[in-house]
Amino acid sequence: MHKAIKWSDIKRQLIAYTFILPNLMGVILFTLAPVAFSLVISFSSWDYVSPLSQISFTGLDNYMRMWTDNWFLASVRNNLIYALATVPSAMALALAFACIVERFCKGKSVIRLLLYSTNIISTVVAAYVWQMMLSQKGLIPSLLSGMGIKGVPFFLGDTKWALWVLIAMAVWTNLGYIFVLYMAGLQNVPEELYDACTVDGCGEFQRFIHITVPMIAPTTFFILVTQIIFSFRVFTPVQLLTHGGPGSSTYMLAYYVYVSAFQYYEMGYSASITWVLFAFIFIFTMLQWKMQDKWVAS
Amino acid sequence: MKREIRILALALAAMLILVACSSAQDPAPAASASSDLQSQAPQAQASESQALDAEPEPFTMYWWGGVPYEMGPQQVIEAYTKIHPNITFEYVKLGWDDASNIKLDTALMSGEGIDVYMPTRGYLEKAEKGLAMELTAFIERDGVDLIADIGEDMTTYMFNDKYYNIPTSRSPCIYFINMDKLEAAGLEMPDSSWTTDDLLNLSKALSSGEGASRSYGAFFTYNWGNMWLQPSAGFLSQFEMFSNDVSEMILDPRLKESAEIFAQMQDIDKSTPSYAECAAENYDPAQMILTEKAAMVYSGTYLLRDIKNLEAYPHEFKTGFALPPLSLKYPEKEYAVSSLEDPIMISPRTAHVEESWEFVKWFYKEGFDGFIKYGRVPSYVGYTAEMVSDLLVSGYENILDKDSFIEVYNSARPLSSSLQGVEVSIAMTALNQQVELAMLGSQSIDEALEKGLSEGGKALKE
């Protein structure tokens, strides 16, 4: 039996919608509408300066074309390597630091601030600092030469090293943020569990595996999901340090989206790459959601 | 809950309908521009004679450009406003990056606050997309002969055989040479008949030092993306790399010759910084010559602006100039690299059509002096070598060699220009990337040329 609709209910809802309408309009105008528009033009050919009347529908051409586009394929390969290298490295290092600091260190807040500072400085500044550190007379080549290593490469000018420089920079930037999250997670682990474990004769390693890791699983899950999403959106270091080079060794999906749209005036093709990027992120995130049922403690 | 979803869906649908409707109402700017022009040109004749009698109304003209205000535009504006005191100028400085190009495109689409502009890239794309006023009717009406005024290569700046811009400068690409280093090494300034063998010998002789302290004999402009191609600038034109209809790329033996010359300089003689070093250090031409990291630099004449900037780059050595070297293997091929640059265009939505055209006409023929002083070479043939060198060198005779500049300016070599268009740009990027991999040791030059030309050809066909 349907519930009778009262005017007072309608009035209450209208008032509620009126209050949220400005924000809702903003979301619709600046988020939902552009997303819908990008889906439409991903099936079209359009440079962004011609009038909308000159958008020509091309069906699945853009989606078919990208799989024979060497720059797109290089972007996918590089981005996958970047994500698979950056995320576990940053998480492992941050967790190790967090465990050590939580267990053994005094002055936790100072350490937290110092480590987090790499995350709050501007990416532009960080990129130029890394470029200076890696230049011929910079810190890293000087250290390596001082250690007796011959033939120190030009890291940013070497196809074998340029991508790893970006990965190292990403780990350095994100370490502090993940560390702070893990510190918070570790502080929520009940001390009694560790005491009980100690009484049962567990060592440090067993405490870590059987108590710490399961108890911080929700934090780990959150970090994993968000860091993978961020790693597929990498753009600024590529634009500033390498422009996708040398060759196409540091092309990334977000960078190639930008190049296609604004250098080559192929907004339709660029939109299709964006939707493929969305699909990658969506698939990764869904896989993690499925896996969390097994390994994240409720 | 279902009702809320229905309301949200309705709102979204309404938004999409609005977006779709806006496309139906959007007039095609190119069509409106040309029809505006056709309706304005005859009216302009009538209004022009009326204007001569009436007091000109004061207004603001908006001029967008990539040249810093105090390095040319200011002087031009001061000179023009003496003749037309009713006009106030607002100059908007553009950057040379993508973001600035997008800003310009947005302003042109809206038509607000822009009358004349000098885009930093995508000249032909602006015409293609309807973001530039067609000037052909004005040119024909006023009896302007741009081919005679500027040169045959003016046609490379036309779109569909129509004029949309007037390129106001030439950008000769030449060698800037530290004459003091030459003298110290007991070497003579190269003249216009010098060859790539001379380049190799000179660069080797002028190189010294090791590792991070090495000073190179030569430097090619890295951020153009085609360092390997620059040694052949004197005997290979970009036009010869493409078929006549620009539908495919041609494997010319001079491409391999150029790559091999660069490879020798980079790997064997070590007389030029390698691709890897340039990528890592982000070298630029001004830094290389003015910090004496390189004795010779191949770049555009815009470098003169930095050479004359003694505040930022204090130095005492004298800079001489030379055309790109020729090749003994291809004696019949001789080019001077001199692209037309700095096109001035009119916004299709300007409210001051006649005034904008009058300014454009005056600027390229009579008003370019201010730009010359800061290192830009005029496209108008009415400027002689003496006039240009006087404006350019005056006051800087101790650091700029006038004689070699006049020799370069008066060169009778045919001009080698660059092809315009997005497809050409993508094709060249594909080729340059493959050759860069060869220079980094990842593949041979032959493999690089084969792959690069194939991928470049694919880009032209798409």
# chains A, B, ... in the order shown; residues from 1 in each chain; ligands from 1
>>> residues_around(residues="stretch 111-121 of chain B", least_positions_apart="2", cutoff="6 Å", atoms="only C-alpha atoms", output="ChimeraX atom specification")
/B:62-66,96,107-109,123,342-347,349-350
>>> select_by_dssp(residues="stretch 14-74 of chain A", states="strand (DSSP E or B)", output="count of residues only")
4
>>> residues_around(residues="B:Leu182", least_positions_apart="2", cutoff="12 Å", atoms="only C-alpha atoms", output="list in words")
Phe176, Ile177, Asn178, Met179, Asp180, Ala184, Ala185, Gly186, Leu187, Glu188, Met189, Pro190, Leu202, Ser203, Lys204, Ala205, Leu206, Ser207, Gly217, Ala294, Ala295, Met296, Phe317, Lys318, Thr319 and Gly320 of chain B
>>> write_last_selection(atoms="C-alpha atoms", output="PDB file, in the first residue's frame")
ATOM      1  CA  PHE B 176      76.583  32.822 -32.798  1.00  0.00           C
ATOM      2  CA  ILE B 177      80.343  32.620 -32.370  1.00  0.00           C
ATOM      3  CA  ASN B 178      82.508  33.748 -29.485  1.00  0.00           C
ATOM      4  CA  MET B 179      85.140  35.666 -31.484  1.00  0.00           C
ATOM      5  CA  ASP B 180      87.475  36.015 -28.512  1.00  0.00           C
ATOM      6  CA  ALA B 184      92.677  32.816 -28.648  1.00  0.00           C
ATOM      7  CA  ALA B 185      92.763  29.513 -30.565  1.00  0.00           C
ATOM      8  CA  GLY B 186      94.335  31.215 -33.592  1.00  0.00           C
ATOM      9  CA  LEU B 187      91.318  30.485 -35.776  1.00  0.00           C
ATOM     10  CA  GLU B 188      89.508  32.658 -38.266  1.00  0.00           C
ATOM     11  CA  MET B 189      85.826  33.545 -38.410  1.00  0.00           C
ATOM     12  CA  PRO B 190      84.032  31.233 -40.839  1.00  0.00           C
ATOM     13  CA  LEU B 202      86.348  24.221 -35.415  1.00  0.00           C
ATOM     14  CA  SER B 203      84.156  22.603 -32.746  1.00  0.00           C
ATOM     15  CA  LYS B 204      86.874  20.127 -31.877  1.00  0.00           C
ATOM     16  CA  ALA B 205      89.523  22.823 -31.676  1.00  0.00           C
ATOM     17  CA  LEU B 206      87.348  25.034 -29.466  1.00  0.00           C
ATOM     18  CA  SER B 207      86.457  22.282 -26.960  1.00  0.00           C
ATOM     19  CA  GLY B 217      82.990  23.898 -29.289  1.00  0.00           C
ATOM     20  CA  ALA B 294      79.993  26.701 -25.669  1.00  0.00           C
ATOM     21  CA  ALA B 295      82.026  28.685 -28.198  1.00  0.00           C
ATOM     22  CA  MET B 296      79.451  28.424 -30.999  1.00  0.00           C
ATOM     23  CA  PHE B 317      83.549  38.829 -25.489  1.00  0.00           C
ATOM     24  CA  LYS B 318      82.479  39.827 -28.974  1.00  0.00           C
ATOM     25  CA  THR B 319      79.856  37.717 -30.749  1.00  0.00           C
ATOM     26  CA  GLY B 320      80.118  37.150 -34.493  1.00  0.00           C
TER      27      GLY B 320
END
>>> residues_around(residues="stretch 38-42 of chain A", least_positions_apart="4", cutoff="8 Å", atoms="only C-alpha atoms", output="mmCIF file with N, CA and C atoms, in the first residue's frame")
data_model
loop_
_atom_site.group_PDB
_atom_site.id
_atom_site.type_symbol
_atom_site.label_atom_id
_atom_site.label_comp_id
_atom_site.auth_asym_id
_atom_site.auth_seq_id
_atom_site.Cartn_x
_atom_site.Cartn_y
_atom_site.Cartn_z
ATOM 1 N N PRO A 34 30.574 18.264 -17.577
ATOM 2 C CA PRO A 34 31.805 18.023 -18.338
ATOM 3 C C PRO A 34 32.132 16.543 -18.496
ATOM 4 N N TRP A 46 37.090 16.261 -32.664
ATOM 5 C CA TRP A 46 36.892 17.681 -32.375
ATOM 6 C C TRP A 46 38.184 18.267 -31.828
ATOM 7 N N ILE A 55 31.607 19.312 -34.279
ATOM 8 C CA ILE A 55 31.964 17.999 -33.720
ATOM 9 C C ILE A 55 31.419 16.949 -34.676
ATOM 10 N N PHE A 57 30.852 12.936 -35.405
ATOM 11 C CA PHE A 57 30.777 11.630 -34.741
ATOM 12 C C PHE A 57 31.617 10.620 -35.513
ATOM 13 N N ASN A 62 38.253 6.403 -32.214
ATOM 14 C CA ASN A 62 39.257 6.817 -31.228
ATOM 15 C C ASN A 62 39.687 5.652 -30.352
ATOM 16 N N MET A 267 40.946 16.781 -29.180
ATOM 17 C CA MET A 267 40.213 16.693 -27.926
ATOM 18 C C MET A 267 39.394 15.409 -27.850
ATOM 19 N N GLY A 268 38.870 14.969 -28.989
ATOM 20 C CA GLY A 268 38.063 13.742 -28.998
ATOM 21 C C GLY A 268 38.911 12.528 -28.615
ATOM 22 N N TYR A 269 40.078 12.424 -29.230
ATOM 23 C CA TYR A 269 40.984 11.309 -28.946
ATOM 24 C C TYR A 269 41.456 11.375 -27.507
ATOM 25 N N SER A 270 41.766 12.581 -27.071
ATOM 26 C CA SER A 270 42.216 12.783 -25.700
ATOM 27 C C SER A 270 41.130 12.355 -24.716
ATOM 28 N N ALA A 271 39.867 12.658 -25.025
ATOM 29 C CA ALA A 271 38.768 12.269 -24.140
ATOM 30 C C ALA A 271 38.654 10.748 -24.071
ATOM 31 N N SER A 272 38.878 10.095 -25.201
ATOM 32 C CA SER A 272 38.773 8.627 -25.196
ATOM 33 C C SER A 272 39.878 8.016 -24.330
ATOM 34 N N TRP A 275 38.845 8.223 -20.749
ATOM 35 C CA TRP A 275 37.887 7.204 -20.318
ATOM 36 C C TRP A 275 38.553 5.847 -20.152
#
>>> interface_residues(of="chain A", to="chain B", cutoff="6 Å", atoms="only C-alpha atoms", output="PDB file with N, CA and C atoms, in the first residue's frame")
ATOM      1  N   SER A  50      37.138  24.813 -32.566  1.00  0.00           N
ATOM      2  CA  SER A  50      36.023  24.921 -33.516  1.00  0.00           C
ATOM      3  C   SER A  50      34.716  24.955 -32.749  1.00  0.00           C
ATOM      4  N   LEU A  52      30.970  23.959 -31.458  1.00  0.00           N
ATOM      5  CA  LEU A  52      30.422  22.648 -31.122  1.00  0.00           C
ATOM      6  C   LEU A  52      29.691  22.029 -32.308  1.00  0.00           C
ATOM      7  N   SER A  53      29.198  22.878 -33.215  1.00  0.00           N
ATOM      8  CA  SER A  53      28.486  22.343 -34.375  1.00  0.00           C
ATOM      9  C   SER A  53      29.414  21.567 -35.300  1.00  0.00           C
ATOM     10  N   SER A 135      71.730  16.887 -11.458  1.00  0.00           N
ATOM     11  CA  SER A 135      72.568  17.476 -12.507  1.00  0.00           C
ATOM     12  C   SER A 135      74.021  17.057 -12.280  1.00  0.00           C
ATOM     13  N   GLN A 136      74.853  17.303 -13.279  1.00  0.00           N
ATOM     14  CA  GLN A 136      76.234  16.807 -13.246  1.00  0.00           C
ATOM     15  C   GLN A 136      76.971  17.168 -11.969  1.00  0.00           C
ATOM     16  N   PHE A 154      73.635  10.224 -16.822  1.00  0.00           N
ATOM     17  CA  PHE A 154      72.763  11.410 -16.768  1.00  0.00           C
ATOM     18  C   PHE A 154      71.360  10.857 -16.536  1.00  0.00           C
ATOM     19  N   LEU A 156      68.309  11.833 -15.861  1.00  0.00           N
ATOM     20  CA  LEU A 156      67.114  12.321 -16.570  1.00  0.00           C
ATOM     21  C   LEU A 156      67.276  12.242 -18.082  1.00  0.00           C
ATOM     22  N   GLY A 157      68.502  11.977 -18.532  1.00  0.00           N
ATOM     23  CA  GLY A 157      68.728  11.890 -19.976  1.00  0.00           C
ATOM     24  C   GLY A 157      68.961  10.463 -20.427  1.00  0.00           C
ATOM     25  N   ASP A 158      68.663   9.516 -19.586  1.00  0.00           N
ATOM     26  CA  ASP A 158      68.915   8.104 -19.886  1.00  0.00           C
ATOM     27  C   ASP A 158      67.579   7.360 -19.910  1.00  0.00           C
ATOM     28  N   GLY A 247      63.102   9.972 -25.541  1.00  0.00           N
ATOM     29  CA  GLY A 247      62.234   9.133 -26.364  1.00  0.00           C
ATOM     30  C   GLY A 247      60.824   9.244 -25.823  1.00  0.00           C
ATOM     31  N   TYR A 264      48.200  18.757 -29.857  1.00  0.00           N
ATOM     32  CA  TYR A 264      47.806  18.205 -31.141  1.00  0.00           C
ATOM     33  C   TYR A 264      46.334  18.483 -31.483  1.00  0.00           C
TER      34      TYR A 264
END
>>> decode(residues="stretch 169-292 of chain B", atoms="C-alpha atoms", output="PDB file, in the first residue's frame")
ATOM      1  CA  SER B 169      59.842  39.237 -38.689  1.00  0.00           C
ATOM      2  CA  ARG B 170      62.281  36.778 -40.004  1.00  0.00           C
ATOM      3  CA  SER B 171      63.996  34.430 -37.649  1.00  0.00           C
ATOM      4  CA  PRO B 172      67.241  33.517 -39.298  1.00  0.00           C
ATOM      5  CA  CYS B 173      68.811  30.569 -37.580  1.00  0.00           C
ATOM      6  CA  ILE B 174      72.507  31.240 -37.483  1.00  0.00           C
ATOM      7  CA  TYR B 175      75.666  30.448 -35.587  1.00  0.00           C
ATOM      8  CA  PHE B 176      76.583  32.822 -32.798  1.00  0.00           C
ATOM      9  CA  ILE B 177      80.343  32.620 -32.370  1.00  0.00           C
ATOM     10  CA  ASN B 178      82.508  33.748 -29.485  1.00  0.00           C
ATOM     11  CA  MET B 179      85.140  35.666 -31.484  1.00  0.00           C
ATOM     12  CA  ASP B 180      87.475  36.015 -28.512  1.00  0.00           C
ATOM     13  CA  LYS B 181      87.717  32.219 -28.200  1.00  0.00           C
ATOM     14  CA  LEU B 182      88.391  31.935 -31.924  1.00  0.00           C
ATOM     15  CA  GLU B 183      91.139  34.492 -31.688  1.00  0.00           C
ATOM     16  CA  ALA B 184      92.677  32.816 -28.648  1.00  0.00           C
ATOM     17  CA  ALA B 185      92.763  29.513 -30.565  1.00  0.00           C
ATOM     18  CA  GLY B 186      94.335  31.215 -33.592  1.00  0.00           C
ATOM     19  CA  LEU B 187      91.318  30.485 -35.776  1.00  0.00           C
ATOM     20  CA  GLU B 188      89.508  32.658 -38.266  1.00  0.00           C
ATOM     21  CA  MET B 189      85.826  33.545 -38.410  1.00  0.00           C
ATOM     22  CA  PRO B 190      84.032  31.233 -40.839  1.00  0.00           C
ATOM     23  CA  ASP B 191      82.506  32.869 -43.877  1.00  0.00           C
ATOM     24  CA  SER B 192      79.369  31.916 -45.779  1.00  0.00           C
ATOM     25  CA  SER B 193      81.176  29.190 -47.754  1.00  0.00           C
ATOM     26  CA  TRP B 194      82.213  27.165 -44.704  1.00  0.00           C
ATOM     27  CA  THR B 195      81.303  23.479 -44.656  1.00  0.00           C
ATOM     28  CA  THR B 196      80.376  20.793 -42.148  1.00  0.00           C
ATOM     29  CA  ASP B 197      84.011  19.642 -42.219  1.00  0.00           C
ATOM     30  CA  ASP B 198      84.959  23.129 -41.009  1.00  0.00           C
ATOM     31  CA  LEU B 199      82.252  22.881 -38.342  1.00  0.00           C
ATOM     32  CA  LEU B 200      83.660  19.576 -37.099  1.00  0.00           C
ATOM     33  CA  ASN B 201      87.225  20.915 -37.049  1.00  0.00           C
ATOM     34  CA  LEU B 202      86.348  24.221 -35.415  1.00  0.00           C
ATOM     35  CA  SER B 203      84.156  22.603 -32.746  1.00  0.00           C
ATOM     36  CA  LYS B 204      86.874  20.127 -31.877  1.00  0.00           C
ATOM     37  CA  ALA B 205      89.523  22.823 -31.676  1.00  0.00           C
ATOM     38  CA  LEU B 206      87.348  25.034 -29.466  1.00  0.00           C
ATOM     39  CA  SER B 207      86.457  22.282 -26.960  1.00  0.00           C
ATOM     40  CA  SER B 208      88.379  21.944 -23.724  1.00  0.00           C
ATOM     41  CA  GLY B 209      88.145  20.587 -20.196  1.00  0.00           C
ATOM     42  CA  GLU B 210      86.644  17.391 -18.827  1.00  0.00           C
ATOM     43  CA  GLY B 211      83.461  16.202 -17.161  1.00  0.00           C
ATOM     44  CA  ALA B 212      81.219  18.817 -15.618  1.00  0.00           C
ATOM     45  CA  SER B 213      83.793  21.524 -16.389  1.00  0.00           C
ATOM     46  CA  ARG B 214      83.984  20.765 -20.096  1.00  0.00           C
ATOM     47  CA  SER B 215      83.538  23.695 -22.443  1.00  0.00           C
ATOM     48  CA  TYR B 216      82.150  22.677 -25.827  1.00  0.00           C
ATOM     49  CA  GLY B 217      82.990  23.898 -29.289  1.00  0.00           C
ATOM     50  CA  ALA B 218      79.368  23.896 -30.410  1.00  0.00           C
ATOM     51  CA  PHE B 219      75.862  23.693 -29.008  1.00  0.00           C
ATOM     52  CA  PHE B 220      72.657  23.042 -30.917  1.00  0.00           C
ATOM     53  CA  THR B 221      69.346  24.239 -29.494  1.00  0.00           C
ATOM     54  CA  TYR B 222      68.047  21.293 -27.482  1.00  0.00           C
ATOM     55  CA  ASN B 223      64.519  22.471 -26.756  1.00  0.00           C
ATOM     56  CA  TRP B 224      63.620  22.527 -30.456  1.00  0.00           C
ATOM     57  CA  GLY B 225      63.610  18.731 -30.193  1.00  0.00           C
ATOM     58  CA  ASN B 226      65.744  18.191 -33.334  1.00  0.00           C
ATOM     59  CA  MET B 227      69.386  18.735 -32.396  1.00  0.00           C
ATOM     60  CA  TRP B 228      70.471  15.943 -34.757  1.00  0.00           C
ATOM     61  CA  LEU B 229      68.959  17.785 -37.733  1.00  0.00           C
ATOM     62  CA  GLN B 230      70.530  21.188 -37.060  1.00  0.00           C
ATOM     63  CA  PRO B 231      73.995  20.441 -38.559  1.00  0.00           C
ATOM     64  CA  SER B 232      72.272  20.034 -41.956  1.00  0.00           C
ATOM     65  CA  ALA B 233      70.347  23.314 -41.833  1.00  0.00           C
ATOM     66  CA  GLY B 234      72.546  24.780 -44.574  1.00  0.00           C
ATOM     67  CA  PHE B 235      71.847  22.038 -47.116  1.00  0.00           C
ATOM     68  CA  LEU B 236      68.516  20.424 -46.202  1.00  0.00           C
ATOM     69  CA  SER B 237      65.156  22.155 -46.103  1.00  0.00           C
ATOM     70  CA  GLN B 238      62.235  20.735 -44.150  1.00  0.00           C
ATOM     71  CA  PHE B 239      60.182  20.893 -47.361  1.00  0.00           C
ATOM     72  CA  GLU B 240      62.493  18.243 -48.838  1.00  0.00           C
ATOM     73  CA  MET B 241      61.647  15.830 -46.030  1.00  0.00           C
ATOM     74  CA  PHE B 242      58.012  15.630 -47.159  1.00  0.00           C
ATOM     75  CA  SER B 243      56.250  14.799 -50.397  1.00  0.00           C
ATOM     76  CA  ASN B 244      54.714  17.741 -52.260  1.00  0.00           C
ATOM     77  CA  ASP B 245      51.269  17.076 -50.869  1.00  0.00           C
ATOM     78  CA  VAL B 246      52.709  16.493 -47.344  1.00  0.00           C
ATOM     79  CA  SER B 247      51.152  13.028 -47.245  1.00  0.00           C
ATOM     80  CA  GLU B 248      54.374  11.142 -46.533  1.00  0.00           C
ATOM     81  CA  MET B 249      57.934  11.603 -45.338  1.00  0.00           C
ATOM     82  CA  ILE B 250      60.946  11.011 -47.586  1.00  0.00           C
ATOM     83  CA  LEU B 251      64.086   9.097 -46.622  1.00  0.00           C
ATOM     84  CA  ASP B 252      66.578  11.629 -47.924  1.00  0.00           C
ATOM     85  CA  PRO B 253      70.288  10.618 -47.546  1.00  0.00           C
ATOM     86  CA  ARG B 254      70.992  14.047 -46.050  1.00  0.00           C
ATOM     87  CA  LEU B 255      69.026  12.985 -42.961  1.00  0.00           C
ATOM     88  CA  LYS B 256      71.539  10.238 -42.280  1.00  0.00           C
ATOM     89  CA  GLU B 257      74.405  12.624 -43.061  1.00  0.00           C
ATOM     90  CA  SER B 258      73.110  15.079 -40.468  1.00  0.00           C
ATOM     91  CA  ALA B 259      72.626  12.385 -37.816  1.00  0.00           C
ATOM     92  CA  GLU B 260      76.131  11.050 -38.430  1.00  0.00           C
ATOM     93  CA  ILE B 261      77.684  14.511 -38.105  1.00  0.00           C
ATOM     94  CA  PHE B 262      75.903  15.023 -34.798  1.00  0.00           C
ATOM     95  CA  ALA B 263      76.872  11.546 -33.582  1.00  0.00           C
ATOM     96  CA  GLN B 264      80.516  12.241 -34.381  1.00  0.00           C
ATOM     97  CA  MET B 265      80.445  15.534 -32.496  1.00  0.00           C
ATOM     98  CA  GLN B 266      78.613  13.997 -29.543  1.00  0.00           C
ATOM     99  CA  ASP B 267      80.340  10.618 -29.215  1.00  0.00           C
ATOM    100  CA  ILE B 268      83.769  10.820 -30.834  1.00  0.00           C
ATOM    101  CA  ASP B 269      84.949  14.433 -30.788  1.00  0.00           C
ATOM    102  CA  LYS B 270      82.839  15.284 -27.714  1.00  0.00           C
ATOM    103  CA  SER B 271      82.653  18.774 -29.130  1.00  0.00           C
ATOM    104  CA  THR B 272      78.941  19.141 -28.399  1.00  0.00           C
ATOM    105  CA  PRO B 273      76.947  18.059 -25.332  1.00  0.00           C
ATOM    106  CA  SER B 274      75.125  14.773 -25.771  1.00  0.00           C
ATOM    107  CA  TYR B 275      71.377  14.331 -25.856  1.00  0.00           C
ATOM    108  CA  ALA B 276      71.557  12.722 -22.420  1.00  0.00           C
ATOM    109  CA  GLU B 277      73.466  15.642 -20.952  1.00  0.00           C
ATOM    110  CA  CYS B 278      71.161  18.230 -22.519  1.00  0.00           C
ATOM    111  CA  ALA B 279      68.078  16.414 -21.172  1.00  0.00           C
ATOM    112  CA  ALA B 280      69.586  16.146 -17.708  1.00  0.00           C
ATOM    113  CA  GLU B 281      70.909  19.706 -17.537  1.00  0.00           C
ATOM    114  CA  ASN B 282      68.178  21.440 -19.556  1.00  0.00           C
ATOM    115  CA  TYR B 283      70.724  23.590 -21.383  1.00  0.00           C
ATOM    116  CA  ASP B 284      69.506  26.594 -23.300  1.00  0.00           C
ATOM    117  CA  PRO B 285      71.399  28.590 -25.955  1.00  0.00           C
ATOM    118  CA  ALA B 286      71.718  31.853 -24.013  1.00  0.00           C
ATOM    119  CA  GLN B 287      73.130  30.071 -20.985  1.00  0.00           C
ATOM    120  CA  MET B 288      75.572  28.091 -23.122  1.00  0.00           C
ATOM    121  CA  ILE B 289      77.136  30.970 -25.029  1.00  0.00           C
ATOM    122  CA  LEU B 290      76.918  33.637 -22.352  1.00  0.00           C
ATOM    123  CA  THR B 291      78.479  31.516 -19.618  1.00  0.00           C
ATOM    124  CA  GLU B 292      81.074  30.435 -22.209  1.00  0.00           C
TER     125      GLU B 292
END
